[in-house]
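Notes to accompany the following structure.
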Amino acid sequence: QYHLVESGGGLVQPGGSLRLACAPSGFNLDYYAIGWFRQAPGKEREGVSGISSYGDTTQYTESVKGRFTISRDNAKNTEWLEMDSREPDDTAVYFCAAVVLGPGAGSRLPPLDLPGAFDYWGRGTLVIVSS
């Protein structure tokens, strides 16, 4: 069964950096748009960032713009979320998700407020921002 595996979570001090990775299990990411979502305790799941299968289109939620960078390396079948200048409000479980949008859609990705548009999910990796 296809799913994703996140890694790289942990404890980081405010202002610090962390790099999350997302790798597929059982399939190749080449044709999939990728989204990162997070869920903090007591809050709903929130879209954080997304990248098209070509890697030429990216999205960020307003609160992480200028601090987070999403990237992918299809040759390595892996995608990353680089998180800099971490803030305590970034504490959450981070999930990656994948969806294939069909022929000619390599530069597209679903809106971050539509998690239901994504087909495959990981189990998440916990990030704690605390001093």
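Numbering starts fresh at 1 for the residues of each chain in the structure tokens, the chains themselves are lettered A, B, ... in the order given, and ligands are numbered from 1 as they appear.
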(request) Using DSSP on the backbone, list every residue of stretch 38-88 of chain A that comes out as strand (DSSP E or B), and give them as number ranges by chain. (result) A: 38-39, 46-51, 58-60, 68-73, 78-83
(message) Taking 2 positions as the minimum chain separation for residues in the same chain, which residues sit within 12 Å of A:Ala92 when counting only C-alpha atoms? Answer as number ranges by chain.
(response) A: 9-11, 36-48, 86-90, 94-95, 124-130
Only C-alpha atoms, please: the residues just picked out, written as a compact mmCIF listing (two decimals), in the first residue's frame.
```
# COMPACT_ATOMS: atom_id res chain seq x y z
CA GLY A 9 11.28 16.14 13.58
CA GLY A 10 12.49 16.86 17.09
CA LEU A 11 13.10 19.54 19.67
CA TRP A 36 2.99 19.76 4.07
CA PHE A 37 0.38 20.11 6.77
CA ARG A 38 0.62 20.47 10.51
CA GLN A 39 -1.65 19.90 13.47
CA ALA A 40 -0.99 21.51 16.83
CA PRO A 41 -2.61 20.17 20.02
CA GLY A 42 -6.25 21.16 20.16
CA LYS A 43 -6.20 22.71 16.70
CA GLU A 44 -7.32 21.65 13.25
CA ARG A 45 -4.92 20.48 10.59
CA GLU A 46 -3.41 23.42 8.72
CA GLY A 47 -1.79 23.57 5.29
CA VAL A 48 1.78 24.84 5.53
CA ARG A 86 11.24 28.57 14.36
CA GLU A 87 8.63 30.01 16.68
CA PRO A 88 6.77 28.28 19.54
CA ASP A 89 3.58 28.42 17.43
CA ASP A 90 5.30 26.11 14.95
CA TYR A 94 3.93 17.75 10.57
CA PHE A 95 2.50 15.58 7.81
CA GLY A 124 3.61 12.62 10.78
CA THR A 125 6.70 13.77 12.63
CA LEU A 126 6.57 15.81 15.83
CA VAL A 127 8.29 19.19 15.99
CA ILE A 128 8.58 20.97 19.32
CA VAL A 129 9.85 24.52 19.49
CA SER A 130 10.86 25.30 23.03
```
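The interatomic distance for the pair atom CA of A:Thr61 and atom CA of A:Ser49 works out to 6.3 Å.
With only C-alpha atoms as the atoms that count, the residue of A:Leu20, A:Val100, A:Val12, A:Leu4 with the shortest distance to A:Thr69 is A:Leu20.
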(request) Pick out the closest residue to A:Asp56 from this set: A:Cys96, A:Leu81, A:Ala105, A:Cys22. Count only C-alpha atoms. (result)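 Result for the nearest residue to A:Asp56: A:Ala105.
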(message) Using DSSP secondary structure from the backbone, list all helix (DSSP H, G or I) positions within stretch 49-123 of chain A, as a PyMOL selection string.
(response) chain A and resi 62-64+88-90+115-117
(message) List as a list in words the protein and nucleic acid residues near A:His3, meaning an atom at most 10 Å away when only C-alpha atoms are counted, but skip any in the same chain fewer than 3 places from it.
(response) Ala23, Pro24, Ser25, Gly26, Phe27, Cys96, Ala97, Ala98, Asp119, Tyr120, Trp121, Gly122 and Arg123 of chain A
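Using only C-alpha atoms, the smallest distance between any of A:Ile70, A:Leu18, A:Leu109, A:Leu29 and A:Ser52 comes from A:Leu109.
Note that the spacing between atom CA of A:Ile51 and atom CA of A:Ala33 amounts to 5.8 Å.
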(message) What does the structure give for the distance between atom CA of A:Trp80 and atom CA of A:Gly102, in Å to one decimal?
(response) 22.6 Å
(request) Could you tell me which of A:Gln1, A:Val93, A:Arg19, A:Asp30 comes closest to A:Lys76 if we count only C-alpha atoms? (result) A:Asp30
